[in-house]
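*Asks:* The file below is target29.pdb, PDB, C-alpha atoms:
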ATOM      1  CA  MET A 545    -109.402   9.800  19.111
ATOM      2  CA  ARG A 546    -108.183   8.608  15.727
ATOM      3  CA  VAL A 547    -104.484   8.473  14.842
ATOM      4  CA  VAL A 548    -103.750  10.124  11.497
ATOM      5  CA  ASN A 549    -101.335   8.284   9.222
ATOM      6  CA  LEU A 550     -98.665  10.825   8.381
ATOM      7  CA  GLY A 551     -96.535   8.331   6.482
ATOM      8  CA  PRO A 552     -92.951   7.319   7.189
ATOM      9  CA  ASP A 553     -90.250   9.938   7.379
ATOM     10  CA  PRO A 554     -87.916   9.180   4.437
ATOM     11  CA  SER A 555     -84.959  10.483   6.410
ATOM     12  CA  LEU A 556     -85.491   7.617   8.847
ATOM     13  CA  VAL A 557     -85.697   5.004   6.109
ATOM     14  CA  TYR A 558     -82.982   5.857   3.619
ATOM     15  CA  ARG A 559     -80.050   6.395   5.913
ATOM     16  CA  PRO A 560     -76.612   5.500   4.542
ATOM     17  CA  GLU A 561     -75.698   3.405   7.575
ATOM     18  CA  ILE A 562     -78.734   1.193   6.931
ATOM     19  CA  VAL A 563     -78.361   0.827   3.187
ATOM     20  CA  GLU A 564     -74.664   0.084   3.481
ATOM     21  CA  LYS A 565     -75.354  -3.387   4.921
ATOM     22  CA  GLN A 566     -78.860  -4.423   3.948
ATOM     23  CA  TYR A 567     -78.662  -7.977   5.297
ATOM     24  CA  LYS A 568     -76.999  -8.931   8.557
ATOM     25  CA  ASP A 569     -75.597 -12.170   9.858
ATOM     26  CA  LYS A 570     -77.555 -13.710  12.744
ATOM     27  CA  GLU A 571     -74.785 -13.031  15.214
ATOM     28  CA  ASP A 572     -75.000  -9.319  14.358
ATOM     29  CA  TYR A 573     -78.517  -9.007  15.798
ATOM     30  CA  ARG A 574     -79.197  -7.840  19.365
ATOM     31  CA  ASN A 575     -75.758  -6.311  19.782
ATOM     32  CA  PHE A 576     -75.963  -4.625  23.185
ATOM     33  CA  GLU A 577     -72.212  -4.057  23.485
ATOM     34  CA  ASN A 578     -71.435  -1.426  20.863
ATOM     35  CA  GLY A 579     -72.675   0.074  17.619
ATOM     36  CA  GLY A 580     -74.064   3.351  16.392
ATOM     37  CA  LEU A 581     -77.276   3.086  18.438
ATOM     38  CA  PHE A 582     -75.670   1.934  21.696
ATOM     39  CA  ASP A 583     -76.016   5.183  23.683
ATOM     40  CA  ARG A 584     -79.695   5.535  22.830
ATOM     41  CA  VAL A 585     -80.407   1.901  23.673
ATOM     42  CA  PHE A 586     -78.541   1.914  26.994
ATOM     43  CA  HIS A 587     -80.192   5.158  28.087
ATOM     44  CA  THR A 588     -83.641   3.666  27.449
ATOM     45  CA  TYR A 589     -82.880   0.491  29.404
ATOM     46  CA  LYS A 590     -81.212   2.366  32.248
ATOM     47  CA  ILE A 591     -84.355   4.387  32.933
ATOM     48  CA  MET A 592     -86.565   1.322  32.452
ATOM     49  CA  HIS A 593     -84.575  -0.781  34.898
ATOM     50  CA  SER A 594     -84.500   2.016  37.463
ATOM     51  CA  ILE A 595     -88.250   2.686  37.508
ATOM     52  CA  GLN A 596     -90.001  -0.572  36.574
ATOM     53  CA  THR A 597     -90.933  -1.901  40.014
ATOM     54  CA  LEU A 598     -93.871  -4.019  41.145
ATOM     55  CA  ASP A 599     -95.749  -0.921  42.288
ATOM     56  CA  PHE A 600     -95.082   0.831  38.980
ATOM     57  CA  VAL A 601     -96.414  -2.160  37.015
ATOM     58  CA  LYS A 602     -99.591  -2.266  39.100
ATOM     59  CA  LEU A 603    -100.097   1.446  38.463
ATOM     60  CA  LYS A 604     -99.802   0.953  34.696
ATOM     61  CA  HIS A 605    -102.300  -1.886  34.772
ATOM     62  CA  SER A 606    -104.797   0.430  36.426
ATOM     63  CA  GLU A 607    -104.149   3.131  33.811
ATOM     64  CA  TRP A 608    -104.254   1.031  30.645
ATOM     65  CA  SER A 609    -106.133  -2.238  31.162
ATOM     66  CA  HIS A 610    -109.593  -0.632  30.918
ATOM     67  CA  CYS A 611    -108.980   0.177  27.233
ATOM     68  CA  SER A 612    -110.479   3.642  27.506
ATOM     69  CA  HIS A 613    -107.842   5.647  25.611
ATOM     70  CA  SER A 614    -109.105   5.395  22.036
ATOM     71  CA  GLN A 615    -111.120   3.469  19.482
ATOM     72  CA  MET A 616    -109.763   2.405  16.087
ATOM     73  CA  GLY A 617    -109.350  -0.519  13.729
ATOM     74  CA  VAL A 618    -106.276  -2.722  13.867
ATOM     75  CA  MET A 619    -104.851  -1.577  10.519
ATOM     76  CA  ASP A 620    -105.040   2.049  11.647
ATOM     77  CA  ALA A 621    -103.093   1.053  14.764
ATOM     78  CA  VAL A 622    -100.456  -0.717  12.659
ATOM     79  CA  MET A 623    -100.010   2.265  10.357
ATOM     80  CA  SER A 624     -99.787   4.683  13.283
ATOM     81  CA  LEU A 625     -96.393   3.097  13.987
ATOM     82  CA  ASP A 626     -95.102   5.045  10.976
ATOM     83  CA  GLN A 627     -94.536   7.703  13.627
ATOM     84  CA  LEU A 628     -92.477   5.534  15.971
ATOM     85  CA  VAL A 629     -88.814   4.531  15.985
ATOM     86  CA  ASP A 630     -88.100   2.096  18.834
ATOM     87  CA  GLU A 631     -85.398   3.614  21.061
ATOM     88  CA  SER A 632     -84.529   0.255  22.640
ATOM     89  CA  ASP A 633     -83.798  -1.582  19.395
ATOM     90  CA  PRO A 634     -80.099  -1.906  18.487
ATOM     91  CA  ASP A 635     -80.920  -3.393  15.079
ATOM     92  CA  VAL A 636     -83.070  -0.854  13.243
ATOM     93  CA  ASP A 637     -83.577   2.876  13.057
ATOM     94  CA  PHE A 638     -86.641   3.068  10.817
ATOM     95  CA  PRO A 639     -90.375   3.295  11.662
ATOM     96  CA  ASN A 640     -91.905   0.316  13.426
ATOM     97  CA  SER A 641     -94.676  -0.118  10.844
ATOM     98  CA  PHE A 642     -92.154  -1.570   8.382
ATOM     99  CA  HIS A 643     -91.058  -4.135  10.966
ATOM    100  CA  ALA A 644     -94.698  -5.211  11.374
ATOM    101  CA  PHE A 645     -95.009  -6.143   7.710
ATOM    102  CA  GLN A 646     -91.494  -7.634   7.584
ATOM    103  CA  THR A 647     -92.349  -9.995  10.429
ATOM    104  CA  ALA A 648     -95.707 -10.941   8.966
ATOM    105  CA  GLU A 649     -94.258 -11.634   5.524
ATOM    106  CA  GLY A 650     -91.452 -13.732   7.003
ATOM    107  CA  ILE A 651     -94.052 -15.893   8.738
ATOM    108  CA  ARG A 652     -96.200 -16.032   5.607
ATOM    109  CA  ARG A 653     -93.314 -17.434   3.577
ATOM    110  CA  GLU A 654     -92.715 -20.327   5.983
ATOM    111  CA  HIS A 655     -96.254 -20.786   7.286
ATOM    112  CA  PRO A 656     -98.431 -19.930   4.253
ATOM    113  CA  ASP A 657    -101.520 -21.700   5.571
ATOM    114  CA  ASN A 658    -101.506 -20.254   9.084
ATOM    115  CA  GLY A 659    -103.376 -16.975   8.912
ATOM    116  CA  TRP A 660    -103.560 -16.225  12.632
ATOM    117  CA  PHE A 661     -99.775 -16.692  12.929
ATOM    118  CA  GLN A 662     -99.200 -14.225  10.093
ATOM    119  CA  LEU A 663    -101.576 -11.759  11.741
ATOM    120  CA  VAL A 664     -99.707 -12.000  15.034
ATOM    121  CA  GLY A 665     -96.555 -11.093  13.106
ATOM    122  CA  LEU A 666     -98.285  -7.985  11.821
ATOM    123  CA  ILE A 667     -99.784  -6.795  15.094
ATOM    124  CA  HIS A 668     -97.315  -7.981  17.749
ATOM    125  CA  ASP A 669     -95.800  -4.532  18.326
ATOM    126  CA  ILE A 670     -98.838  -2.273  18.012
ATOM    127  CA  GLY A 671     -99.037  -1.936  21.779
ATOM    128  CA  LYS A 672     -96.251   0.582  21.217
ATOM    129  CA  ILE A 673     -99.018   2.984  20.286
ATOM    130  CA  MET A 674     -98.904   3.920  23.980
ATOM    131  CA  ALA A 675     -95.806   5.970  23.146
ATOM    132  CA  LEU A 676     -97.903   8.085  20.778
ATOM    133  CA  TRP A 677    -100.312   8.782  23.636
ATOM    134  CA  GLY A 678     -97.707  10.145  26.023
ATOM    135  CA  GLU A 679     -96.199   7.055  27.642
ATOM    136  CA  PRO A 680     -92.367   7.282  27.713
ATOM    137  CA  GLN A 681     -90.646   4.678  25.588
ATOM    138  CA  TRP A 682     -88.929   3.060  28.572
ATOM    139  CA  ALA A 683     -92.432   2.019  29.706
ATOM    140  CA  VAL A 684     -93.397   0.769  26.246
ATOM    141  CA  VAL A 685     -90.520  -0.869  24.352
ATOM    142  CA  GLY A 686     -87.642  -3.232  25.057
ATOM    143  CA  ASP A 687     -87.170  -6.662  26.614
ATOM    144  CA  THR A 688     -89.505  -7.589  29.445
ATOM    145  CA  PHE A 689     -88.821  -9.322  32.757
ATOM    146  CA  PRO A 690     -90.770 -10.302  35.898
ATOM    147  CA  VAL A 691     -91.071  -7.863  38.776
ATOM    148  CA  GLY A 692     -91.663  -8.978  42.347
ATOM    149  CA  CYS A 693     -88.784 -11.458  42.306
ATOM    150  CA  ARG A 694     -85.025 -11.452  41.690
ATOM    151  CA  PHE A 695     -83.861  -9.868  38.441
ATOM    152  CA  GLN A 696     -81.999 -12.664  36.628
ATOM    153  CA  ASN A 697     -78.552 -12.211  35.087
ATOM    154  CA  SER A 698     -79.646 -12.674  31.468
ATOM    155  CA  ILE A 699     -81.648  -9.433  31.468
ATOM    156  CA  VAL A 700     -80.063  -6.914  29.113
ATOM    157  CA  PHE A 701     -77.595  -4.624  30.955
ATOM    158  CA  ARG A 702     -78.338  -6.467  34.218
ATOM    159  CA  GLU A 703     -74.986  -5.616  35.815
ATOM    160  CA  ASN A 704     -75.084  -1.852  35.393
ATOM    161  CA  SER A 705     -78.686  -0.674  35.088
ATOM    162  CA  PHE A 706     -80.617  -1.820  38.175
ATOM    163  CA  GLN A 707     -78.679   0.017  40.883
ATOM    164  CA  ASP A 708     -81.444   2.577  41.402
ATOM    165  CA  ASN A 709     -84.334   0.106  41.379
ATOM    166  CA  PRO A 710     -85.618  -0.214  44.981
ATOM    167  CA  ASN A 711     -86.887  -3.768  44.378
ATOM    168  CA  THR A 712     -83.275  -4.920  43.989
ATOM    169  CA  SER A 713     -82.675  -4.646  47.744
ATOM    170  CA  ASP A 714     -86.163  -5.561  48.947
ATOM    171  CA  PRO A 715     -85.975  -8.596  51.291
ATOM    172  CA  VAL A 716     -88.850 -10.345  49.477
ATOM    173  CA  TYR A 717     -88.630  -9.075  45.899
ATOM    174  CA  SER A 718     -84.909  -9.859  45.697
ATOM    175  CA  THR A 719     -85.383 -13.595  46.376
ATOM    176  CA  GLU A 720     -85.548 -16.256  43.676
ATOM    177  CA  CYS A 721     -89.338 -16.634  43.759
ATOM    178  CA  GLY A 722     -90.197 -13.352  45.462
ATOM    179  CA  ILE A 723     -93.969 -13.043  45.819
ATOM    180  CA  TYR A 724     -94.538 -16.104  43.622
ATOM    181  CA  THR A 725     -94.244 -19.865  44.130
ATOM    182  CA  ASN A 726     -92.431 -22.531  42.140
ATOM    183  CA  ASN A 727     -94.323 -23.483  38.971
ATOM    184  CA  CYS A 728     -97.075 -20.952  39.650
ATOM    185  CA  GLY A 729     -97.389 -20.199  35.933
ATOM    186  CA  LEU A 730     -96.519 -17.056  33.994
ATOM    187  CA  GLU A 731    -100.157 -16.011  34.017
ATOM    188  CA  LYS A 732     -99.728 -15.203  37.711
ATOM    189  CA  VAL A 733     -96.441 -13.338  37.226
ATOM    190  CA  ASN A 734     -96.296  -9.542  36.954
ATOM    191  CA  MET A 735     -94.143  -8.619  33.956
ATOM    192  CA  SER A 736     -92.454  -5.257  33.472
ATOM    193  CA  TRP A 737     -94.947  -2.956  31.794
ATOM    194  CA  GLY A 738     -94.734  -2.538  28.044
ATOM    195  CA  HIS A 739     -96.344  -3.100  24.671
ATOM    196  CA  ASP A 740     -96.530  -6.895  25.049
ATOM    197  CA  GLU A 741     -98.779  -6.877  28.090
ATOM    198  CA  TYR A 742    -100.819  -3.942  26.835
ATOM    199  CA  LEU A 743    -101.661  -5.524  23.476
ATOM    200  CA  TYR A 744    -102.473  -8.817  25.194
ATOM    201  CA  ARG A 745    -104.944  -6.931  27.385
ATOM    202  CA  VAL A 746    -106.442  -5.203  24.338
ATOM    203  CA  MET A 747    -106.930  -8.534  22.550
ATOM    204  CA  LYS A 748    -108.636 -10.056  25.594
ATOM    205  CA  TYR A 749    -110.771  -6.994  26.305
ATOM    206  CA  ASN A 750    -112.086  -6.928  22.730
ATOM    207  CA  GLU A 751    -112.593 -10.723  22.641
ATOM    208  CA  CYS A 752    -110.450 -11.193  19.542
ATOM    209  CA  SER A 753    -110.339 -14.804  18.330
ATOM    210  CA  ILE A 754    -106.559 -15.279  18.082
ATOM    211  CA  PRO A 755    -105.784 -18.691  19.621
ATOM    212  CA  GLU A 756    -103.874 -19.172  22.863
ATOM    213  CA  GLU A 757    -100.594 -19.826  21.064
ATOM    214  CA  GLY A 758    -100.855 -16.442  19.379
ATOM    215  CA  LEU A 759    -101.742 -14.694  22.612
ATOM    216  CA  TYR A 760     -98.600 -16.157  24.193
ATOM    217  CA  MET A 761     -96.541 -14.800  21.306
ATOM    218  CA  ILE A 762     -98.059 -11.367  21.820
ATOM    219  CA  ARG A 763     -97.660 -11.393  25.591
ATOM    220  CA  PHE A 764     -94.160 -12.845  25.876
ATOM    221  CA  HIS A 765     -92.308 -12.143  22.624
ATOM    222  CA  SER A 766     -90.079  -9.594  24.395
ATOM    223  CA  PHE A 767     -89.410 -11.904  27.350
ATOM    224  CA  TYR A 768     -85.928 -12.831  26.077
ATOM    225  CA  PRO A 769     -84.606 -13.991  29.467
ATOM    226  CA  TRP A 770     -87.202 -16.785  29.251
ATOM    227  CA  HIS A 771     -87.604 -17.814  25.624
ATOM    228  CA  SER A 772     -83.982 -17.293  24.564
ATOM    229  CA  ASN A 773     -81.917 -17.704  27.758
ATOM    230  CA  GLY A 774     -83.839 -20.262  29.799
ATOM    231  CA  ASP A 775     -84.285 -18.122  32.912
ATOM    232  CA  TYR A 776     -87.401 -18.071  35.102
ATOM    233  CA  MET A 777     -88.238 -21.689  34.290
ATOM    234  CA  HIS A 778     -88.942 -22.232  37.998
ATOM    235  CA  LEU A 779     -92.017 -20.009  37.621
ATOM    236  CA  CYS A 780     -93.408 -21.895  34.619
ATOM    237  CA  ASN A 781     -96.190 -24.459  34.683
ATOM    238  CA  GLU A 782     -96.949 -27.152  32.096
ATOM    239  CA  LYS A 783     -98.947 -24.774  29.910
ATOM    240  CA  ASP A 784     -96.052 -22.309  29.714
ATOM    241  CA  LEU A 785     -93.702 -25.090  28.640
ATOM    242  CA  ARG A 786     -96.144 -26.230  25.936
ATOM    243  CA  MET A 787     -96.377 -22.685  24.622
ATOM    244  CA  LEU A 788     -92.645 -21.952  24.739
ATOM    245  CA  PRO A 789     -91.843 -23.561  21.328
ATOM    246  CA  TRP A 790     -94.491 -21.352  19.715
ATOM    247  CA  VAL A 791     -92.944 -18.216  21.199
ATOM    248  CA  GLN A 792     -89.496 -19.378  20.075
ATOM    249  CA  GLU A 793     -90.755 -20.044  16.554
ATOM    250  CA  PHE A 794     -92.242 -16.566  16.447
ATOM    251  CA  ASN A 795     -88.999 -15.030  17.685
ATOM    252  CA  LYS A 796     -87.153 -16.187  14.541
ATOM    253  CA  PHE A 797     -89.308 -13.913  12.424
ATOM    254  CA  ASP A 798     -89.549 -11.049  14.894
ATOM    255  CA  LEU A 799     -85.764 -10.796  15.080
ATOM    256  CA  TYR A 800     -84.242 -11.960  11.806
ATOM    257  CA  THR A 801     -86.579 -10.133   9.393
ATOM    258  CA  LYS A 802     -85.231  -6.751  10.532
ATOM    259  CA  THR A 803     -83.423  -5.571   7.420
ATOM    260  CA  ALA A 804     -83.402  -2.467   5.249
ATOM    261  CA  ASP A 805     -85.246  -4.445   2.550
ATOM    262  CA  LEU A 806     -88.501  -2.594   3.174
ATOM    263  CA  PRO A 807     -91.821  -4.134   2.070
ATOM    264  CA  ASP A 808     -94.412  -2.601  -0.257
ATOM    265  CA  VAL A 809     -96.930  -1.847   2.474
ATOM    266  CA  GLU A 810     -99.736  -0.623   0.247
ATOM    267  CA  ALA A 811     -99.634  -3.797  -1.844
ATOM    268  CA  LEU A 812     -99.808  -5.978   1.269
ATOM    269  CA  LYS A 813    -102.595  -4.155   3.084
ATOM    270  CA  PRO A 814    -105.602  -5.913   1.441
ATOM    271  CA  TYR A 815    -104.343  -9.381   2.345
ATOM    272  CA  TYR A 816    -103.661  -8.489   5.970
ATOM    273  CA  GLN A 817    -106.931  -6.584   6.257
ATOM    274  CA  SER A 818    -108.679  -9.855   5.406
ATOM    275  CA  LEU A 819    -106.926 -11.521   8.352
ATOM    276  CA  ILE A 820    -107.840  -8.625  10.622
ATOM    277  CA  ASP A 821    -111.474  -8.953   9.541
ATOM    278  CA  LYS A 822    -111.402 -12.618  10.517
ATOM    279  CA  TYR A 823    -109.689 -12.436  13.901
ATOM    280  CA  CYS A 824    -109.903  -8.808  15.120
ATOM    281  CA  PRO A 825    -112.778  -7.226  13.176
ATOM    282  CA  GLY A 826    -114.248  -3.775  13.429
ATOM    283  CA  ILE A 827    -113.307  -0.942  15.745
ATOM    284  CA  LEU A 828    -111.461  -1.994  18.892
ATOM    285  CA  LYS A 829    -111.211  -0.218  22.213
ATOM    286  CA  TRP A 830    -107.651   0.663  23.225
TER     287      TRP A 830
END
Starting from the coordinates I provided, produce the structure as structure tokens.
*Replies:*
Amino acid sequence: MRVVNLGPDPSLVYRPEIVEKQYKDKEDYRNFENGGLFDRVFHTYKIMHSIQTLDFVKLKHSEWSHCSHSQMGVMDAVMSLDQLVDESDPDVDFPNSFHAFQTAEGIRREHPDNGWFQLVGLIHDIGKIMALWGEPQWAVVGDTFPVGCRFQNSIVFRENSFQDNPNTSDPVYSTECGIYTNNCGLEKVNMSWGHDEYLYRVMKYNECSIPEEGLYMIRFHSFYPWHSNGDYMHLCNEKDLRMLPWVQEFNKFDLYTKTADLPDVEALKPYYQSLIDKYCPGILKW
């Protein structure tokens, strides 16, 4: 299967509510309390938090970790996100492909000599391609969190979205460590299923040469309760703590480059293709 690039829908890009305020203050990002996209965002998280259980996550691993759904190059995967608007994102309402280049260019400006870091900025969200293959967005997008242990308070909409999740009342899964042990390491923790874990699995399966720091960025960039709120530290080992500053550095660009100042994608493609050829060459299995 090969995803055809249909190009971005202009009606999604040039909306008056976006153009009206092209640049936002930092405190305006990740507003989960109100705003024009609130209903859409809450609905997505409500379903996610009701259904993402330990058993559900294990099922998704069995469905997706064998990378048998498609074969394509990385740039084709990036451009396929022209067809996707993230329903969990309160900050933007334009196709995800623009965000990929925005993030990469933000990193390139501050880290001009770090090619693998720039590439991670470009590709970090392409696991969302699952949504184009029939996976509902609540199992693809949004903040991630561990399953198999207590849901911590810093998870988005924690107070009013987990009532229907059976793990909430499980005598083991509802404890602080659940099925895990103190300082077991995030590698042993089952995260809610989504694009982070899927892309990490794709990178490992295809033996891409992105270094460990970049793989942590890919795997945990949506794990806001950890990298931005300091929760789940009791599950971390020394490696996780060494990698945390890298994930936090990445988060600056993932979050604060989301503006309506859209990049010239065609002009940027050759440069980023050269990085793809170095770290993730050829046709990958997805």
*Asks:* Considering only C-alpha atoms, return as a list in words whatever protein or nucleic-acid residues lie within 9 Å of segment 787-793 of chain A, sequence-local ones (same chain, fewer than 4 positions apart) excluded.
*Replies:*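 Answer for this query is Glu756, Glu757, Gly758, Tyr760, Met761, Ile762, Phe764, His765, Trp770, His771, Ser772, Glu782, Lys783 and Phe797 of chain A.
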*Asks:* Interatomic distance between atom CA of Phe767 of chain A and atom CA of His668 of chain A?
*Replies:*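 Distance between the two atoms: 13.0 Å.
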*Asks:* Report as a ChimeraX atom specification the residues that result from applying the PyMOL selection byres ((chain A and resi 594-598) around 6) to the structure here.
*Replies:* /A:591-593,599-601,691-692,706,708-709
*Asks:* Since I can't run it myself right now, could you work out what the PyMOL selection byres ((chain A and resi 735-749) around 7) selects here and report it as a PyMOL selection string?
*Replies:* chain A and resi 596+601+604+609+611+669-672+683-685+688-691+733-734+750-752+759+762-764+830
*Asks:* Could you work out how far atom CA of Asp808 of chain A lies from atom CA of Phe661 of chain A, giving the answer in Å with one decimal?
*Replies:*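 The value is 20.0 Å.
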*Asks:* Counting all atoms listed in the file, which residue out of A:Leu628, A:Met623, A:Ala675, A:Leu663 sits closest to Pro755 of chain A?
*Replies:*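 Closest candidate: A:Leu663.
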*Asks:* For a quick check of understanding, using all atoms listed in the file, which of A:Phe695, A:Leu806, A:Asn658, A:Leu785 has the smallest distance to Pro639 of chain A?
*Replies:*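 Among the listed residues, the smallest separation from Pro639 of chain A belongs to A:Leu806.
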*Asks:* Contacts of Asn697 of chain A at 9 Å or less, counting all atoms listed in the file, minus same-chain residues fewer than 6 places along, as an NGL selection string?
*Replies:* :A and (703 or 769 or 775)
*Asks:* Neighbours of Ser713 of chain A within 10 Å (all atoms listed in the file; same-chain residues fewer than 6 positions away dropped), as a PyMOL selection string?
*Replies:* chain A and resi 694+707+719
*Asks:* Go through A:Leu828, A:Arg653, A:Gly729, A:Ala648 one by one, measure the shortest atom-to-atom distance of each to Ala621 of chain A using only C-alpha atoms, and give the residue with the smallest value.
*Replies:*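 Closest candidate: A:Leu828.
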*Asks:* From the list A:Asp630, A:Glu607, A:Glu720, A:Asp805, which residue is nearest Gln646 of chain A when using all atoms listed in the file?
*Replies:*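 Comparing A:Asp630, A:Glu607, A:Glu720, A:Asp805 against Gln646 of chain A, the winner is A:Asp805.
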*Asks:* Contacts of Ser641 of chain A at 8 Å or less, counting all atoms listed in the file, minus same-chain residues fewer than 4 places along, as a list in words?
*Replies:*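 Residues near the query, excluding close chain neighbours: Val622, Met623, Ser624, Leu625, Asp626, Leu628 and Phe645 of chain A.
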*Asks:* Can you list, as a PDB file with C-alpha atoms, keeping the file's coordinate frame, the residues that the PyMOL selection byres ((chain A and resi 588) around 9) selects here?
*Replies:*
ATOM      1  CA  ASP A 583     -76.016   5.183  23.683  1.00  0.00           C
ATOM      2  CA  ARG A 584     -79.695   5.535  22.830  1.00  0.00           C
ATOM      3  CA  VAL A 585     -80.407   1.901  23.673  1.00  0.00           C
ATOM      4  CA  PHE A 586     -78.541   1.914  26.994  1.00  0.00           C
ATOM      5  CA  HIS A 587     -80.192   5.158  28.087  1.00  0.00           C
ATOM      6  CA  TYR A 589     -82.880   0.491  29.404  1.00  0.00           C
ATOM      7  CA  LYS A 590     -81.212   2.366  32.248  1.00  0.00           C
ATOM      8  CA  ILE A 591     -84.355   4.387  32.933  1.00  0.00           C
ATOM      9  CA  MET A 592     -86.565   1.322  32.452  1.00  0.00           C
ATOM     10  CA  HIS A 593     -84.575  -0.781  34.898  1.00  0.00           C
ATOM     11  CA  GLU A 631     -85.398   3.614  21.061  1.00  0.00           C
ATOM     12  CA  SER A 632     -84.529   0.255  22.640  1.00  0.00           C
ATOM     13  CA  GLN A 681     -90.646   4.678  25.588  1.00  0.00           C
ATOM     14  CA  TRP A 682     -88.929   3.060  28.572  1.00  0.00           C
ATOM     15  CA  VAL A 685     -90.520  -0.869  24.352  1.00  0.00           C
ATOM     16  CA  GLY A 686     -87.642  -3.232  25.057  1.00  0.00           C
TER      17      GLY A 686
END
*Asks:* Quick check, in Å to one decimal: how far apart do atom CA of Glu810 of chain A and atom CA of Met619 of chain A lie?
*Replies:*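 So the two atoms, atom CA of Glu810 of chain A and atom CA of Met619 of chain A, lie 11.5 Å apart.
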*Asks:* Near Tyr816 of chain A, within 12 Å and counting all atoms listed in the file, which residues show up once chain neighbours fewer than 3 positions away are dropped, as JSON, numbers by chain?
*Replies:* {"A": [618, 619, 622, 644, 645, 648, 649, 652, 659, 660, 661, 662, 663, 664, 665, 666, 667, 809, 810, 811, 812, 813, 819, 820, 821, 822, 823, 824, 825]}
*Asks:* Which is closer to Thr647 of chain A than all the others in A:Pro680, A:Pro715, A:Gly774, A:Pro807, using all atoms listed in the file?
*Replies:* A:Pro807
*Asks:* Please complete segment 584-589 of chain A with all heavy atoms and give it back as a tab-separated table (two decimals), in the coordinates of the input.
*Replies:*
chain	number	residue	atom	x	y	z
A	584	ARG	N	-78.24	5.40	22.76
A	584	ARG	CA	-79.69	5.54	22.83
A	584	ARG	C	-80.32	4.33	23.52
A	584	ARG	O	-81.21	4.46	24.37
A	584	ARG	CB	-80.26	5.69	21.41
A	584	ARG	CG	-81.77	5.89	21.35
A	584	ARG	CD	-82.30	5.73	19.93
A	584	ARG	NE	-82.35	4.33	19.54
A	584	ARG	CZ	-82.75	3.91	18.33
A	584	ARG	NH1	-83.07	4.80	17.40
A	584	ARG	NH2	-82.80	2.63	18.04
A	585	VAL	N	-79.86	3.14	23.13
A	585	VAL	CA	-80.41	1.90	23.67
A	585	VAL	C	-80.13	1.79	25.17
A	585	VAL	O	-81.03	1.49	25.97
A	585	VAL	CB	-79.83	0.68	22.92
A	585	VAL	CG1	-80.23	-0.62	23.59
A	585	VAL	CG2	-80.28	0.70	21.46
A	586	PHE	N	-78.88	2.04	25.58
A	586	PHE	CA	-78.54	1.91	26.99
A	586	PHE	C	-79.32	2.92	27.83
A	586	PHE	O	-79.81	2.59	28.93
A	586	PHE	CB	-77.04	2.11	27.22
A	586	PHE	CG	-76.66	2.04	28.68
A	586	PHE	CD1	-76.59	0.81	29.32
A	586	PHE	CD2	-76.41	3.19	29.41
A	586	PHE	CE1	-76.26	0.74	30.67
A	586	PHE	CE2	-76.09	3.14	30.76
A	586	PHE	CZ	-76.01	1.90	31.39
A	587	HIS	N	-79.45	4.13	27.35
A	587	HIS	CA	-80.19	5.16	28.09
A	587	HIS	C	-81.63	4.71	28.32
A	587	HIS	O	-82.18	4.89	29.43
A	587	HIS	CB	-80.17	6.47	27.31
A	587	HIS	CG	-80.95	7.58	27.94
A	587	HIS	ND1	-80.54	8.23	29.08
A	587	HIS	CD2	-82.15	8.13	27.60
A	587	HIS	CE1	-81.43	9.15	29.41
A	587	HIS	NE2	-82.42	9.11	28.53
A	588	THR	N	-82.26	4.13	27.32
A	588	THR	CA	-83.64	3.67	27.45
A	588	THR	C	-83.75	2.57	28.50
A	588	THR	O	-84.63	2.61	29.37
A	588	THR	CB	-84.16	3.14	26.10
A	588	THR	OG1	-84.08	4.19	25.12
A	588	THR	CG2	-85.61	2.67	26.20
A	589	TYR	N	-82.83	1.59	28.45
A	589	TYR	CA	-82.88	0.49	29.40
A	589	TYR	C	-82.51	0.95	30.82
A	589	TYR	O	-83.06	0.43	31.80
A	589	TYR	CB	-81.96	-0.64	28.96
A	589	TYR	CG	-82.61	-1.59	27.99
A	589	TYR	CD1	-82.30	-1.56	26.63
A	589	TYR	CD2	-83.53	-2.54	28.42
A	589	TYR	CE1	-82.90	-2.43	25.73
A	589	TYR	CE2	-84.13	-3.42	27.54
A	589	TYR	CZ	-83.81	-3.36	26.19
A	589	TYR	OH	-84.41	-4.22	25.31
